[in-house]
$ cat run-v4.txt   # compact mmCIF, C-alpha atoms and all ligand atoms
# COMPACT_ATOMS: atom_id res chain seq x y z
CA MET A 1 63.03 50.10 8.23
CA HIS A 2 64.86 46.81 8.02
CA MET A 3 64.58 45.01 4.68
CA SER A 4 62.91 41.99 6.32
CA GLU A 5 60.18 44.29 7.66
CA VAL A 6 59.63 45.59 4.14
CA ASN A 7 59.19 42.02 2.97
CA GLN A 8 56.58 41.27 5.58
CA GLN A 9 54.42 44.30 4.79
CA PRO A 10 51.25 43.24 2.97
CA LEU A 11 50.87 44.75 -0.48
CA ASP A 12 47.39 46.16 0.20
CA ALA A 13 48.59 47.95 3.31
CA MET A 14 51.12 49.95 1.35
CA ALA A 15 50.07 53.48 0.73
CA TYR A 16 50.79 54.87 -2.67
CA ALA A 17 51.01 58.52 -3.50
CA SER A 18 48.59 60.13 -5.90
CA ASP A 19 51.32 60.40 -8.55
CA TRP A 20 50.98 56.72 -9.48
CA THR A 21 48.60 53.79 -9.35
CA PRO A 22 49.25 50.04 -9.15
CA ASP A 23 47.76 49.68 -12.64
CA MET A 24 50.50 51.90 -14.06
CA VAL A 25 53.08 49.51 -12.67
CA ARG A 26 51.14 46.40 -13.73
CA ASP A 27 50.98 47.76 -17.31
CA GLU A 28 54.75 48.09 -17.48
CA VAL A 29 55.33 44.72 -15.82
CA GLY A 30 52.83 43.01 -18.13
CA ALA A 31 54.49 44.44 -21.23
CA LEU A 32 57.98 43.27 -20.28
CA LYS A 33 57.91 40.39 -17.82
CA HIS A 34 58.15 37.61 -20.42
CA LYS A 35 61.39 38.97 -21.87
CA PRO A 36 64.71 37.51 -20.71
CA GLY A 37 66.30 39.59 -17.94
CA ALA A 38 63.05 41.53 -17.59
CA LEU A 39 63.68 43.04 -14.17
CA LEU A 40 65.98 45.86 -15.30
CA PRO A 41 63.80 46.93 -18.26
CA ILE A 42 60.76 46.88 -15.95
CA LEU A 43 62.51 49.10 -13.40
CA HIS A 44 63.53 51.51 -16.17
CA ALA A 45 60.00 51.56 -17.58
CA VAL A 46 58.43 52.20 -14.17
CA GLN A 47 60.88 55.01 -13.40
CA ASN A 48 60.35 56.55 -16.84
CA ARG A 49 56.60 56.50 -16.34
CA ILE A 50 56.35 57.61 -12.71
CA GLY A 51 59.62 59.46 -12.25
CA TYR A 52 60.82 57.12 -9.51
CA ILE A 53 60.19 53.60 -8.21
CA PRO A 54 57.73 53.77 -5.32
CA GLU A 55 57.89 51.25 -2.50
CA GLY A 56 54.48 49.89 -3.49
CA ALA A 57 55.72 49.31 -7.03
CA VAL A 58 58.56 47.16 -5.68
CA ALA A 59 55.99 44.83 -4.12
CA ILE A 60 54.06 44.52 -7.39
CA ILE A 61 57.22 43.91 -9.41
CA ALA A 62 58.55 41.35 -6.92
CA GLU A 63 55.30 39.42 -6.94
CA ALA A 64 55.08 39.39 -10.73
CA MET A 65 58.70 38.35 -11.13
CA GLN A 66 58.48 35.75 -8.34
CA GLN A 67 61.32 37.40 -6.48
CA THR A 68 61.48 38.76 -2.97
CA ARG A 69 61.16 42.48 -2.37
CA ALA A 70 64.67 42.39 -0.92
CA GLU A 71 65.99 41.08 -4.25
CA VAL A 72 64.27 43.86 -6.17
CA HIS A 73 65.51 46.42 -3.65
CA GLY A 74 69.00 45.02 -4.11
CA VAL A 75 68.91 45.71 -7.84
CA ILE A 76 67.48 49.20 -7.33
CA SER A 77 70.13 50.16 -4.83
CA PHE A 78 72.94 48.70 -6.96
CA TYR A 79 72.23 51.07 -9.86
CA HIS A 80 72.57 54.75 -8.98
CA HIS A 81 70.25 55.57 -11.85
CA PHE A 82 67.19 54.34 -9.97
CA ARG A 83 65.35 56.64 -7.59
CA THR A 84 62.98 55.62 -4.82
CA HIS A 85 61.59 59.10 -4.11
CA PRO A 86 59.80 61.68 -6.24
CA VAL A 87 61.99 64.24 -7.96
CA GLY A 88 61.50 67.85 -9.02
CA SER A 89 60.32 68.71 -12.50
CA LYS A 90 63.94 69.41 -13.48
CA VAL A 91 66.69 66.98 -12.52
CA ILE A 92 70.05 68.72 -12.56
CA HIS A 93 73.09 66.46 -12.86
CA VAL A 94 76.37 68.16 -12.01
CA CYS A 95 79.48 66.51 -13.40
CA ARG A 96 81.99 65.69 -10.68
CA ALA A 97 84.55 63.93 -12.89
CA GLU A 98 88.12 65.07 -13.48
CA ALA A 99 87.88 67.41 -16.47
CA CYS A 100 85.00 69.33 -14.96
CA GLN A 101 86.69 69.49 -11.55
CA ALA A 102 89.79 70.94 -13.22
CA MET A 103 87.69 73.69 -14.78
CA GLY A 104 86.02 74.99 -11.64
CA GLY A 105 83.51 72.21 -11.07
CA ARG A 106 83.75 72.38 -7.30
CA MET A 107 82.99 76.09 -7.17
CA LEU A 108 80.10 75.62 -9.58
CA GLU A 109 78.78 72.73 -7.50
CA ALA A 110 78.88 74.83 -4.32
CA HIS A 111 77.09 77.66 -6.09
CA ILE A 112 74.33 75.39 -7.40
CA LYS A 113 73.81 73.79 -3.99
CA ALA A 114 73.57 77.22 -2.36
CA CYS A 115 71.17 78.49 -5.03
CA LEU A 116 68.81 75.57 -4.73
CA GLY A 117 69.27 75.13 -0.98
CA VAL A 118 69.86 71.39 -1.36
CA GLU A 119 72.61 68.82 -1.18
CA TYR A 120 73.00 66.01 -3.69
CA HIS A 121 69.91 63.77 -3.94
CA GLY A 122 67.82 66.63 -2.54
CA THR A 123 64.88 68.45 -4.08
CA SER A 124 64.35 72.20 -3.74
CA ALA A 125 61.57 73.38 -1.43
CA ASP A 126 59.39 74.37 -4.40
CA ASN A 127 59.75 70.85 -5.89
CA GLU A 128 61.21 72.40 -9.01
CA PHE A 129 64.77 71.03 -8.98
CA THR A 130 66.43 67.81 -7.87
CA LEU A 131 70.21 67.80 -7.68
CA GLU A 132 72.26 64.71 -8.56
CA PRO A 133 75.98 64.08 -9.08
CA VAL A 134 77.20 62.42 -12.25
CA TYR A 135 80.65 61.23 -13.27
CA CYS A 136 81.28 62.48 -16.82
CA LEU A 137 78.61 63.59 -19.23
CA GLY A 138 80.84 63.00 -22.26
CA ASN A 139 81.17 66.75 -22.69
CA CYS A 140 84.65 67.16 -21.19
CA ALA A 141 85.85 69.52 -23.95
CA CYS A 142 83.26 72.03 -22.75
CA ALA A 143 83.83 71.54 -19.01
CA PRO A 144 82.40 72.18 -16.56
CA SER A 145 79.18 70.54 -17.64
CA ILE A 146 75.77 69.96 -16.18
CA ARG A 147 72.68 68.21 -17.52
CA VAL A 148 69.18 69.49 -16.96
CA ASN A 149 66.80 66.61 -17.67
CA ASP A 150 68.07 65.46 -21.10
CA ASP A 151 69.95 68.62 -22.12
CA ILE A 152 73.66 69.03 -21.52
CA HIS A 153 74.98 72.53 -20.86
CA GLY A 154 78.73 73.07 -21.17
CA ARG A 155 81.14 75.81 -20.08
CA MET A 156 78.80 76.40 -17.16
CA THR A 157 79.51 79.25 -14.79
CA PRO A 158 77.64 80.38 -11.68
CA LYS A 159 76.23 83.32 -13.66
CA LYS A 160 75.08 81.10 -16.52
CA PHE A 161 73.52 78.74 -14.03
CA ASP A 162 71.55 81.57 -12.42
CA ARG A 163 70.19 82.57 -15.82
CA LEU A 164 69.30 78.96 -16.59
CA ALA A 165 67.56 78.49 -13.22
CA ASP A 166 65.58 81.69 -13.79
CA LYS A 167 64.49 80.44 -17.19
CA PHE A 168 63.41 77.06 -15.85
CA THR A 169 61.66 78.28 -12.75
CA THR A 170 57.93 78.27 -13.12
CA SER A 171 57.37 79.40 -9.54
CA THR A 172 59.50 81.89 -7.65
CA LEU A 173 62.87 80.43 -6.73
CA ASP A 174 64.90 82.20 -4.11
CA ILE A 175 68.31 82.59 -5.80
CA ARG A 176 70.75 83.70 -3.14
S1 LIG A 201 84.44 65.19 -16.94
FE1 LIG A 201 82.64 66.38 -16.93
S2 LIG A 201 81.80 65.97 -18.86
FE2 LIG A 201 83.49 64.65 -18.77

$ encode --input "run-v4.txt" --output "structure tokens" --more "lines below"
Ligand code: FES
Amino acid sequence: MHMSEVNQQPLDAMAYASDWTPDMVRDEVGALKHKPGALLPILHAVQNRIGYIPEGAVAIIAEAMQQTRAEVHGVISFYHHFRTHPVGSKVIHVCRAEACQAMGGRMLEAHIKACLGVEYHGTSADNEFTLEPVYCLGNCACAPSIRVNDDIHGRMTPKKFDRLADKFTTSTLDIR
């Protein structure tokens, strides 16, 4: 959809998934909108609360901040941190920076993708894992490194990853 079409869509016509409500977004906007440079903190707060920034939330934020939806979209797309789609219960960040690459990062990355059956920015079929690239986790001495939600795991190997995935899987995950 072209950005101008997004802008013309009426707020009430926008479907929102059952994982969030407009009031959740309004709460976060209301708490932060009077602060200077409020847009970024609002986007962070909404993503922290819902897990991503739904399209319907963009409309609410834009209206409250007296900006166009295109302007809010512009900020969201500028920062890789922000997501516009739901993610799995575990977000796995694989470090693609130099030190990790030098220590087998590419092989590890290929293994993880094959295990989960997803490419970067994808979510496994069971909605358990979302895979994201990252460029240095500050754990270069223990390369290669990955982060699962907030926890960094160093000296990662395909075998260690399989054990970790088994531990985290609450439903059956097909590890190939
Ligand atoms: S290069 Fe991977 S943690 Fe720094």

$ residues_near_ligand --input "run-v4.txt" --ligand "ligand LIG 201 (chain A)" --cutoff "8 Å" --atoms "all atoms listed in the file" --output "list in words"
Cys95, Arg96, Ala97, Glu98, Ala99, Cys100, Gln101, Tyr135, Cys136, Leu137, Gly138, Asn139, Cys140, Ala141, Cys142, Ala143, Pro144, Ser145 and Ile146 of chain A

$ atom_distance --input "run-v4.txt" --atom1 "atom CA of Phe161 of chain A" --atom2 "atom CA of Tyr79 of chain A"
28.0 Å

$ residues_around --input "run-v4.txt" --residues "Met107 of chain A" --least-positions-apart "5" --cutoff "9 Å" --atoms "all atoms listed in the file" --output "PDB file with C-alpha atoms, in the frame of the given file"
ATOM      1  CA  GLN A 101      86.690  69.490 -11.550  1.00  0.00           C
ATOM      2  CA  ILE A 112      74.330  75.390  -7.400  1.00  0.00           C
ATOM      3  CA  THR A 157      79.510  79.250 -14.790  1.00  0.00           C
ATOM      4  CA  PRO A 158      77.640  80.380 -11.680  1.00  0.00           C
TER       5      PRO A 158
END

$ residues_around --input "run-v4.txt" --residues "Thr123 of chain A" --least-positions-apart "3" --cutoff "10 Å" --atoms "only C-alpha atoms" --output "list in words"
His85, Pro86, Val87, Gly88, Ser89, Lys90, Val91, Ile92, Leu116, Gly117, Val118, Glu119, Tyr120, Asp126, Asn127, Glu128, Phe129, Thr130, Leu131 and Glu132 of chain A

$ closest_residue --input "run-v4.txt" --among "A:Ser77, A:Asn149, A:Thr169, A:Thr84" --to "Glu55 of chain A" --atoms "only C-alpha atoms"
A:Thr84

$ residues_around --input "run-v4.txt" --residues "Asp27 of chain A" --least-positions-apart "4" --cutoff "10 Å" --atoms "only C-alpha atoms" --output "ChimeraX atom specification"
/A:22-23,31-32,42,45-46

$ write_last_selection --input "run-v4.txt" --atoms "C-alpha atoms" --output "short mmCIF file (atom, residue, chain, number, x, y, z; two decimals), in the coordinates of the input"
data_model
loop_
_atom_site.label_atom_id
_atom_site.label_comp_id
_atom_site.auth_asym_id
_atom_site.auth_seq_id
_atom_site.Cartn_x
_atom_site.Cartn_y
_atom_site.Cartn_z
CA PRO A 22 49.25 50.04 -9.15
CA ASP A 23 47.76 49.68 -12.64
CA ALA A 31 54.49 44.44 -21.23
CA LEU A 32 57.98 43.27 -20.28
CA ILE A 42 60.76 46.88 -15.95
CA ALA A 45 60.00 51.56 -17.58
CA VAL A 46 58.43 52.20 -14.17
#

$ atom_distance --input "run-v4.txt" --atom1 "atom CA of Gly122 of chain A" --atom2 "atom CA of Leu108 of chain A"
16.8 Å
